[in-house]
>>> print(open('work-v4.txt').read())   # compact mmCIF, C-alpha atoms and all ligand atoms
# COMPACT_ATOMS: atom_id res chain seq x y z
CA MET U 68 3.51 6.59 14.59
CA ILE U 69 3.85 3.29 12.91
CA MET U 70 7.14 3.55 11.09
CA LYS U 71 9.25 5.35 13.65
CA GLU U 72 10.40 2.28 15.54
CA ARG U 73 11.00 0.18 12.47
CA ILE U 74 13.67 1.94 10.51
CA ALA U 75 17.12 3.21 11.29
CA PRO U 76 17.57 6.06 8.83
CA GLU U 77 20.74 7.38 10.46
CA ALA U 78 22.77 4.96 8.42
CA ILE U 79 21.32 6.27 5.16
CA GLU U 80 23.39 8.86 3.28
CA LEU U 81 22.07 11.33 0.71
CA SER U 82 24.45 12.25 -2.13
CA HIS U 83 24.85 15.83 -3.34
CA GLU U 84 22.71 14.96 -6.36
CA GLU U 85 19.98 13.61 -4.11
CA ILE U 86 20.14 16.67 -1.86
CA LYS U 87 19.61 18.88 -4.91
CA ARG U 88 16.79 16.66 -6.19
CA TYR U 89 14.90 16.62 -2.90
CA SER U 90 15.49 20.28 -1.98
CA ARG U 91 11.75 21.12 -1.83
CA HIS U 92 11.38 18.39 0.77
CA LEU U 93 14.54 19.26 2.65
CA ILE U 94 13.53 22.87 3.26
CA MET U 95 10.34 21.76 5.03
CA PRO U 96 11.04 21.16 8.73
CA GLU U 97 8.44 18.34 8.77
CA VAL U 98 10.58 16.41 6.29
CA GLY U 99 14.14 17.75 6.35
CA MET U 100 17.24 15.57 6.06
CA GLU U 101 15.93 13.09 8.62
CA GLY U 102 12.61 12.66 6.81
CA GLN U 103 14.26 12.29 3.43
CA ARG U 104 16.54 9.61 4.90
CA ARG U 105 13.42 7.86 6.23
CA LEU U 106 11.90 7.92 2.75
CA LYS U 107 15.12 6.51 1.30
CA ALA U 108 15.14 3.79 3.95
CA GLY U 109 11.45 3.10 3.25
CA LYS U 110 10.30 -0.08 1.56
CA VAL U 111 6.87 -0.02 -0.08
CA LEU U 112 5.05 -2.76 -2.02
CA LEU U 113 2.50 -1.75 -4.65
CA VAL U 114 0.04 -4.50 -5.49
CA GLY U 115 -1.00 -3.62 -9.03
CA THR U 116 0.46 -1.18 -11.56
CA GLY U 117 -2.86 -0.15 -13.10
CA GLY U 118 -5.05 2.88 -12.44
CA LEU U 119 -4.15 3.35 -8.78
CA GLY U 120 -0.62 1.97 -9.19
CA SER U 121 0.22 4.57 -11.86
CA PRO U 122 0.18 7.75 -9.74
CA LEU U 123 1.38 5.72 -6.75
CA GLY U 124 4.43 4.42 -8.57
CA MET U 125 5.35 7.76 -10.06
CA TYR U 126 4.87 9.88 -6.92
CA LEU U 127 6.55 7.40 -4.57
CA ALA U 128 9.50 7.16 -6.98
CA ALA U 129 9.67 10.95 -7.28
CA ALA U 130 9.46 11.35 -3.50
CA GLY U 131 12.55 9.19 -3.10
CA VAL U 132 11.10 6.07 -1.47
CA GLY U 133 14.24 3.94 -1.58
CA ARG U 134 12.82 0.55 -2.40
CA ILE U 135 9.56 -0.04 -4.23
CA GLY U 136 8.18 -3.49 -5.05
CA LEU U 137 5.67 -3.92 -7.87
CA VAL U 138 3.33 -6.91 -8.27
CA ASP U 139 1.54 -7.33 -11.61
CA TYR U 140 1.49 -9.87 -14.42
CA ASP U 141 -0.73 -8.06 -16.91
CA THR U 142 0.32 -6.48 -20.19
CA VAL U 143 -0.51 -2.95 -21.32
CA SER U 144 -3.57 -2.66 -23.56
CA GLU U 145 -5.07 0.31 -25.37
CA SER U 146 -8.04 0.50 -23.01
CA ASN U 147 -5.65 0.95 -20.03
CA LEU U 148 -4.25 4.24 -21.31
CA GLN U 149 -7.32 6.34 -20.48
CA ARG U 150 -6.23 6.20 -16.81
CA GLN U 151 -3.05 4.15 -16.32
CA ILE U 152 -0.71 7.06 -16.94
CA ILE U 153 2.50 5.25 -15.96
CA HIS U 154 2.21 3.40 -19.30
CA GLY U 155 2.32 4.93 -22.77
CA THR U 156 1.14 4.15 -26.28
CA LYS U 157 4.56 2.71 -27.13
CA ASP U 158 4.10 0.20 -24.28
CA ILE U 159 0.99 -1.52 -25.67
CA GLY U 160 1.60 -5.26 -25.49
CA ARG U 161 4.54 -4.96 -23.06
CA PRO U 162 4.39 -6.31 -19.51
CA LYS U 163 3.11 -3.55 -17.21
CA LEU U 164 5.99 -4.21 -14.83
CA GLU U 165 8.52 -3.40 -17.54
CA SER U 166 6.96 -0.11 -18.57
CA ALA U 167 6.20 0.93 -14.97
CA ARG U 168 9.77 0.18 -13.88
CA GLU U 169 11.21 2.08 -16.85
CA ARG U 170 9.04 5.14 -16.17
CA MET U 171 9.79 5.16 -12.43
CA LEU U 172 13.55 4.85 -12.95
CA ASP U 173 13.36 7.65 -15.49
CA ILE U 174 11.70 9.82 -12.84
CA ASN U 175 14.23 8.78 -10.21
CA PRO U 176 17.29 6.63 -10.92
CA TYR U 177 18.36 6.72 -7.24
CA ILE U 178 15.79 4.13 -6.11
CA GLN U 179 15.57 0.35 -6.21
CA ILE U 180 12.61 -1.33 -7.90
CA ASP U 181 11.75 -4.98 -7.29
CA THR U 182 9.33 -6.64 -9.68
CA TYR U 183 7.12 -9.68 -9.09
CA GLU U 184 5.54 -10.76 -12.36
CA VAL U 185 3.08 -13.21 -10.80
CA PRO U 186 -0.51 -13.16 -9.56
CA LEU U 187 -0.54 -12.56 -5.80
CA THR U 188 -1.83 -15.78 -4.22
CA SER U 189 -2.22 -17.37 -0.82
CA ASP U 190 0.93 -19.37 -1.55
CA ASN U 191 3.24 -16.45 -2.32
CA ALA U 192 1.67 -13.42 -0.57
CA LEU U 193 3.44 -13.68 2.80
CA ASP U 194 6.85 -14.11 1.15
CA ILE U 195 6.30 -11.22 -1.27
CA LEU U 196 4.94 -8.80 1.38
CA GLU U 197 7.43 -9.69 4.11
CA PRO U 198 10.37 -7.42 3.18
CA TYR U 199 8.26 -4.23 2.97
CA ASP U 200 7.27 -1.61 5.57
CA VAL U 201 4.02 -0.50 3.92
CA ILE U 202 1.73 -2.41 1.55
CA VAL U 203 -0.40 -0.42 -0.88
CA ASP U 204 -3.47 -2.11 -2.30
CA GLY U 205 -4.11 -1.03 -5.87
CA THR U 206 -6.09 -4.09 -6.89
CA ASP U 207 -9.47 -4.18 -8.56
CA ASN U 208 -11.03 -7.37 -7.25
CA PHE U 209 -12.35 -8.72 -3.97
CA PRO U 210 -10.32 -11.95 -3.63
CA THR U 211 -7.01 -10.06 -3.88
CA ARG U 212 -8.28 -7.30 -1.57
CA TYR U 213 -9.13 -9.82 1.18
CA LEU U 214 -5.85 -11.63 0.53
CA VAL U 215 -3.82 -8.41 0.89
CA ASN U 216 -5.76 -7.49 4.04
CA ASP U 217 -5.31 -10.83 5.77
CA ALA U 218 -1.64 -11.08 4.81
CA CYS U 219 -1.04 -7.54 6.18
CA VAL U 220 -2.80 -8.39 9.46
CA LEU U 221 -0.85 -11.64 9.84
CA LEU U 222 2.44 -9.82 9.15
CA GLY U 223 1.51 -6.73 11.20
CA LYS U 224 1.97 -4.32 8.29
CA PRO U 225 -0.11 -1.26 7.40
CA ASN U 226 -2.33 -1.67 4.32
CA VAL U 227 -3.00 1.53 2.39
CA TYR U 228 -6.33 0.83 0.76
CA GLY U 229 -8.00 2.47 -2.22
CA SER U 230 -10.84 1.50 -4.51
CA ILE U 231 -12.54 3.16 -7.45
CA PHE U 232 -15.69 2.74 -9.48
CA ARG U 233 -17.23 5.05 -12.11
CA PHE U 234 -17.19 8.47 -10.33
CA GLU U 235 -16.60 7.31 -6.75
CA GLY U 236 -13.60 6.31 -4.73
CA GLN U 237 -12.65 5.19 -1.24
CA ALA U 238 -9.42 5.24 0.71
CA SER U 239 -8.29 4.23 4.18
CA VAL U 240 -5.28 2.90 6.05
CA PHE U 241 -5.85 -0.46 7.65
CA ALA U 242 -3.33 -1.01 10.40
CA ALA U 243 -4.65 -3.73 12.60
CA GLU U 244 -2.47 -2.95 15.62
CA GLU U 245 -4.05 0.47 16.13
CA GLY U 246 -7.16 0.44 13.98
CA PRO U 247 -9.58 -1.69 12.03
CA CYS U 248 -8.75 -3.88 9.04
CA TYR U 249 -10.69 -4.30 5.81
CA ARG U 250 -12.55 -7.27 7.28
CA CYS U 251 -13.70 -5.20 10.28
CA LEU U 252 -15.39 -2.96 7.72
CA PHE U 253 -16.56 -5.66 5.30
CA PRO U 254 -16.68 -9.03 7.11
CA GLU U 255 -18.15 -10.75 4.06
CA PRO U 256 -17.53 -10.12 0.36
CA PRO U 257 -20.54 -8.93 -1.67
CA PRO U 258 -22.50 -11.66 -3.46
CA PRO U 259 -20.78 -12.53 -6.76
CA GLY U 260 -21.97 -10.26 -9.55
CA LEU U 261 -23.55 -7.63 -7.28
CA VAL U 262 -20.67 -5.14 -7.47
CA PRO U 263 -19.50 -4.69 -11.06
CA SER U 264 -15.80 -4.15 -11.78
CA CYS U 265 -14.41 -1.13 -13.63
CA ALA U 266 -14.17 -3.33 -16.73
CA GLU U 267 -17.93 -3.82 -16.49
CA GLY U 268 -19.16 -0.49 -15.16
CA GLY U 269 -16.48 1.90 -16.36
CA VAL U 270 -14.40 4.42 -14.46
CA LEU U 271 -13.68 8.10 -14.96
CA GLY U 272 -10.07 8.30 -16.16
CA VAL U 273 -8.89 10.86 -13.61
CA LEU U 274 -10.55 9.09 -10.64
CA PRO U 275 -7.65 6.68 -9.93
CA GLY U 276 -5.37 9.72 -10.14
CA THR U 277 -7.22 11.29 -7.21
CA ILE U 278 -7.45 8.14 -5.08
CA GLY U 279 -3.97 6.83 -5.96
CA THR U 280 -2.47 10.19 -5.07
CA ILE U 281 -4.26 10.09 -1.71
CA GLN U 282 -2.81 6.61 -1.13
CA ALA U 283 0.64 7.92 -2.06
CA THR U 284 0.19 10.80 0.41
CA GLU U 285 -0.75 8.39 3.20
CA THR U 286 2.21 6.16 2.38
CA VAL U 287 4.67 9.06 2.54
CA LYS U 288 3.13 10.22 5.85
CA LEU U 289 3.47 6.71 7.31
CA LEU U 290 7.12 6.53 6.28
CA LEU U 291 7.81 10.00 7.68
CA GLY U 292 5.75 9.35 10.81
CA ILE U 293 3.97 12.71 10.50
CA GLY U 294 0.41 13.98 10.37
CA GLU U 295 -2.90 12.28 11.00
CA SER U 296 -3.34 9.15 8.93
CA LEU U 297 -6.53 7.57 7.62
CA VAL U 298 -6.25 4.80 10.26
CA GLY U 299 -9.77 4.41 11.66
CA ARG U 300 -11.33 6.57 8.95
CA LEU U 301 -12.79 5.75 5.57
CA LEU U 302 -12.59 8.51 2.98
CA LEU U 303 -15.50 8.59 0.52
CA TYR U 304 -14.92 10.68 -2.58
CA ASP U 305 -17.60 11.59 -5.11
CA ALA U 306 -16.15 13.21 -8.22
CA LEU U 307 -19.53 14.30 -9.64
CA ALA U 308 -20.51 16.11 -6.44
CA MET U 309 -16.84 16.96 -5.75
CA SER U 310 -17.34 15.92 -2.15
CA PHE U 311 -15.06 14.28 0.38
CA ASP U 312 -16.76 12.57 3.33
CA PHE U 313 -15.26 10.64 6.20
CA VAL U 314 -16.74 7.70 8.06
CA LYS U 315 -15.32 6.74 11.45
CA LEU U 316 -14.27 3.12 11.52
CA ARG U 317 -14.01 0.96 14.61
CA LYS U 318 -12.03 -2.18 15.14
CA ASN U 319 -14.43 -5.12 15.32
CA PRO U 320 -13.55 -7.17 18.44
CA ALA U 321 -15.15 -10.19 16.71
CA CYS U 322 -13.15 -9.72 13.48
CA PRO U 323 -12.05 -13.19 12.34
CA VAL U 324 -8.54 -12.00 11.47
CA CYS U 325 -7.68 -9.00 13.70
CA GLY U 326 -10.21 -9.49 16.55
CA GLU U 327 -9.70 -10.65 20.10
CA GLN U 328 -10.00 -14.33 19.26
CA PRO U 329 -9.01 -14.66 15.62
CA THR U 330 -10.24 -17.77 13.85
CA LEU U 331 -8.33 -16.97 10.69
CA THR U 332 -4.67 -17.57 11.42
CA GLU U 333 -3.45 -18.42 7.94
CA LEU U 334 -4.32 -17.43 4.39
CA ILE U 335 -7.34 -19.15 2.83
CA ASP U 336 -8.73 -19.77 -0.67
CA TYR U 337 -9.94 -16.25 -1.51
CA GLU U 338 -11.54 -17.10 -4.85
CA GLN U 339 -13.72 -19.63 -3.07
CA PHE U 340 -14.40 -17.16 -0.20
CA CYS U 341 -15.55 -14.47 -2.63
CA GLY U 342 -17.12 -16.79 -5.19
CA VAL U 343 -15.36 -15.02 -8.07
CA PRO U 344 -12.01 -15.38 -9.83
CA ALA U 345 -9.28 -13.06 -8.52
CA HIS U 346 -7.67 -12.44 -11.82
CA ASP U 347 -10.38 -11.28 -14.14
CA THR U 348 -9.47 -9.52 -17.34
CA SER U 349 -11.92 -7.32 -19.17
CA GLU U 350 -14.23 -10.31 -19.53
CA PHE U 351 -17.36 -10.41 -17.45
CA ALA U 352 -17.36 -13.08 -14.81
CA SER U 353 -20.66 -14.94 -14.87
CA GLU U 354 -21.44 -17.74 -12.49
CA VAL U 355 -23.62 -19.51 -15.05
CA ALA U 356 -21.42 -18.96 -18.13
CA GLY U 357 -20.27 -22.57 -18.34
CA THR U 358 -23.65 -24.08 -17.55
CA VAL U 359 -25.92 -22.67 -20.30
CA PRO U 360 -26.14 -23.85 -23.95
CA GLN U 361 -23.77 -21.90 -26.14
CA ILE U 362 -22.98 -21.20 -29.78
CA GLY U 363 -19.82 -19.87 -31.42
CA VAL U 364 -19.70 -16.67 -33.49
CA GLN U 365 -18.77 -18.55 -36.69
CA GLU U 366 -21.84 -20.74 -36.38
CA VAL U 367 -24.04 -17.71 -35.81
CA LYS U 368 -22.55 -16.10 -38.92
CA GLU U 369 -23.24 -19.27 -40.97
CA ARG U 370 -26.85 -19.29 -39.79
CA ILE U 371 -27.30 -15.66 -40.80
CA ASP U 372 -25.71 -16.35 -44.22
CA ARG U 373 -28.01 -19.36 -44.73
CA GLY U 374 -31.02 -17.14 -44.05
CA ASP U 375 -32.08 -19.10 -40.94
CA GLU U 376 -34.95 -17.50 -39.03
CA PHE U 377 -33.90 -16.84 -35.46
CA ILE U 378 -33.90 -14.09 -32.88
CA LEU U 379 -30.50 -12.43 -32.40
CA LEU U 380 -30.87 -10.63 -29.08
CA ASP U 381 -28.44 -7.91 -27.95
CA VAL U 382 -28.64 -7.42 -24.15
CA ARG U 383 -26.07 -4.63 -23.82
CA GLU U 384 -26.91 -1.07 -22.74
CA PRO U 385 -28.05 1.54 -25.31
CA HIS U 386 -24.78 3.53 -25.03
CA GLU U 387 -22.93 0.35 -26.02
CA TRP U 388 -25.02 -0.06 -29.19
CA GLU U 389 -23.67 3.35 -30.19
CA ILE U 390 -20.10 2.03 -30.02
CA ALA U 391 -20.60 -1.08 -32.15
CA ASP U 392 -23.52 -3.21 -33.27
CA ILE U 393 -24.14 -6.42 -35.17
CA SER U 394 -26.40 -5.38 -38.05
CA ALA U 395 -28.23 -8.73 -38.05
CA ALA U 396 -29.42 -8.22 -34.46
CA THR U 397 -33.21 -8.45 -34.37
CA HIS U 398 -33.81 -7.32 -30.78
CA HIS U 399 -32.07 -4.89 -28.43
CA ILE U 400 -33.17 -5.35 -24.81
CA PRO U 401 -30.76 -4.40 -21.98
CA LYS U 402 -30.19 -7.25 -19.53
CA GLY U 403 -31.98 -5.45 -16.69
CA GLN U 404 -35.19 -5.03 -18.71
CA ILE U 405 -35.47 -8.54 -20.06
CA LEU U 406 -38.32 -9.69 -17.81
CA GLU U 407 -40.50 -6.71 -18.82
CA HIS U 408 -40.04 -7.58 -22.51
CA LEU U 409 -40.64 -11.33 -22.50
CA GLY U 410 -43.74 -10.71 -24.63
CA GLU U 411 -41.49 -9.72 -27.56
CA LEU U 412 -39.60 -13.02 -27.46
CA ASP U 413 -41.32 -16.06 -28.97
CA THR U 414 -40.62 -19.26 -27.02
CA ALA U 415 -41.14 -21.30 -30.20
CA ARG U 416 -38.23 -19.64 -32.04
CA ASP U 417 -34.48 -20.14 -31.72
CA ILE U 418 -32.86 -17.32 -29.76
CA VAL U 419 -29.17 -16.38 -29.71
CA VAL U 420 -28.19 -13.89 -27.00
CA TYR U 421 -25.07 -11.74 -27.02
CA CYS U 422 -23.46 -8.94 -25.00
CA LYS U 423 -19.96 -7.46 -24.96
CA SER U 424 -18.06 -10.61 -24.06
CA GLY U 425 -20.53 -13.32 -23.08
CA GLY U 426 -21.10 -12.86 -19.34
CA ARG U 427 -24.31 -10.83 -19.20
CA SER U 428 -25.78 -12.81 -22.08
CA ALA U 429 -25.11 -16.07 -20.20
CA ASP U 430 -27.12 -14.68 -17.28
CA VAL U 431 -29.97 -13.77 -19.68
CA VAL U 432 -29.92 -17.26 -21.23
CA HIS U 433 -30.17 -18.67 -17.71
CA THR U 434 -33.11 -16.36 -16.90
CA LEU U 435 -34.93 -17.15 -20.15
CA ARG U 436 -34.57 -20.89 -19.55
CA GLU U 437 -36.11 -20.42 -16.12
CA HIS U 438 -39.05 -18.79 -17.89
CA GLY U 439 -39.72 -21.68 -20.24
CA TYR U 440 -37.46 -20.82 -23.17
CA THR U 441 -35.77 -24.04 -24.32
CA ARG U 442 -34.34 -22.92 -27.69
CA VAL U 443 -32.00 -20.25 -26.36
CA LYS U 444 -28.21 -20.13 -26.62
CA ASN U 445 -25.40 -17.84 -25.46
CA MET U 446 -23.06 -16.45 -28.14
CA VAL U 447 -19.60 -17.19 -26.73
CA GLY U 448 -17.30 -14.18 -26.46
CA GLY U 449 -20.04 -11.70 -27.41
CA ILE U 450 -19.59 -8.86 -29.89
CA THR U 451 -15.89 -8.76 -29.01
CA ALA U 452 -15.40 -12.26 -30.45
CA TRP U 453 -17.63 -11.31 -33.40
CA ALA U 454 -15.43 -8.29 -34.16
CA LYS U 455 -12.27 -10.38 -33.94
CA GLN U 456 -13.42 -13.43 -35.89
CA VAL U 457 -16.30 -12.38 -38.15
CA ASP U 458 -16.35 -8.64 -38.80
CA PRO U 459 -13.00 -6.89 -38.18
CA SER U 460 -14.55 -3.62 -39.38
CA LEU U 461 -16.29 -3.32 -35.98
CA PRO U 462 -14.41 -1.50 -33.19
CA THR U 463 -13.83 -3.33 -29.92
CA TYR U 464 -14.15 -1.62 -26.56
ZN ZN T 501 -10.32 -6.73 11.43
>>> encode(input="work-v4.txt", output="structure tokens")
Amino acid sequence: MIMKERIAPEAIELSHEEIKRYSRHLIMPEVGMEGQRRLKAGKVLLVGTGGLGSPLGMYLAAAGVGRIGLVDYDTVSESNLQRQIIHGTKDIGRPKLESARERMLDINPYIQIDTYEVPLTSDNALDILEPYDVIVDGTDNFPTRYLVNDACVLLGKPNVYGSIFRFEGQASVFAAEEGPCYRCLFPEPPPPGLVPSCAEGGVLGVLPGTIGTIQATETVKLLLGIGESLVGRLLLYDALAMSFDFVKLRKNPACPVCGEQPTLTELIDYEQFCGVPAHDTSEFASEVAGTVPQIGVQEVKERIDRGDEFILLDVREPHEWEIADISAATHHIPKGQILEHLGELDTARDIVVYCKSGGRSADVVHTLREHGYTRVKNMVGGITAWAKQVDPSLPTY
């Protein structure tokens, strides 16, 4: 398999402490001393130390993968802890790389951890990926996913892929020499805004545990050169149905990066290719956000205090109203139902629209303007900005 030719594990020694630590591996003939030396000689890069990166980092450290690189530049926040189990409550506000590194070295001090506290970009990706045998994609956005894929194809490295959303996950191993790459499967990114991120649509906390652990399993198998990998197969996992399905994947001979006549021979601008920013936070990305009239939360508060007559329209989903609500809101209409409820909104009145953080509401402002509403504005930053700047008694989510 892939790794066998690449590494020379004979030179690697295991100390008595390591032999004791890895005894449950060593007594399996499929691993044994030779396999454990392969793991120690193995070099794996994890892109992201979030939901998928958490079980990946911990299991690969525990398994004795000798050198693990981590790429992330985010800090730990409270809303990460529901699934990102490599980080703890004491780590809130710390760089994720720091807390991930600390946890992994606590699990196994006999490994080397390299940290790259930068966004992965077209300028640095080839340099960062180059030293590693296996690249594991634990990212949550399309630009970085295409970037990781193309860089892996150009460097000839296997790309252990995983993605998660709500109750569903996917995993595969893209290894362009033998099988398809991510672009063979998805030649074009989805239209911006069509596929919501976990920050927008939510994710079951244990889901990245399942998918990240499958990615860790595939990584260990690649390093050991054993078993049947997910090369050429896409695993589809549905947590609600508790079902695992497999789709056969074929290499696309016309693939622009791994096909017979590749047109893509260097890294491109992936944000432009996907039409979305690569490094979104919990904010919604809206294409129209900067182009519609807007109003700040303080100004909205002043208008309410003055007794101004205007429509304050909440376009979040009903389960979000349960979490927190602005008491002065006059209308609650989820974004997807806005066109059916135009009759409730008077074009002659001022309308201020808000959502969680300003993305969905910008889209609604855009839609309303297309339907003849001229006195409509987007409340910048949504109820999150309201909770921070106007009413700290409201919870944020
Ligand atoms: Zn391809």
>>> closest_residue(input="work-v4.txt", among="U:Leu106, U:Met309, U:Val382, U:Cys325", to="ligand ZN 501 (chain T)", atoms="all atoms listed in the file")
U:Cys325
>>> residues_near_ligand(input="work-v4.txt", ligand="ligand ZN 501 (chain T)", cutoff="10 Å", atoms="all atoms listed in the file", output="VMD selection string")
chain U and resid 216 to 217 220 241 to 244 246 to 254 317 to 327 329
>>> atom_distance(input="work-v4.txt", atom1="atom CA of U:Glu366", atom2="atom CA of U:Val419")
10.8 Å
>>> residues_near_point(input="work-v4.txt", point="(-12.8, -1.5, -9.0)", cutoff="8 Å", atoms="only C-alpha atoms", output="PyMOL selection string")
chain U and resi 206-208+230-232+263-265
>>> residues_around(input="work-v4.txt", residues="U:Leu302", least_positions_apart="4", cutoff="10 Å", atoms="all atoms listed in the file", output="MDAnalysis selection string")
chainID U and resid 229 236:240 278 281 297 311:315
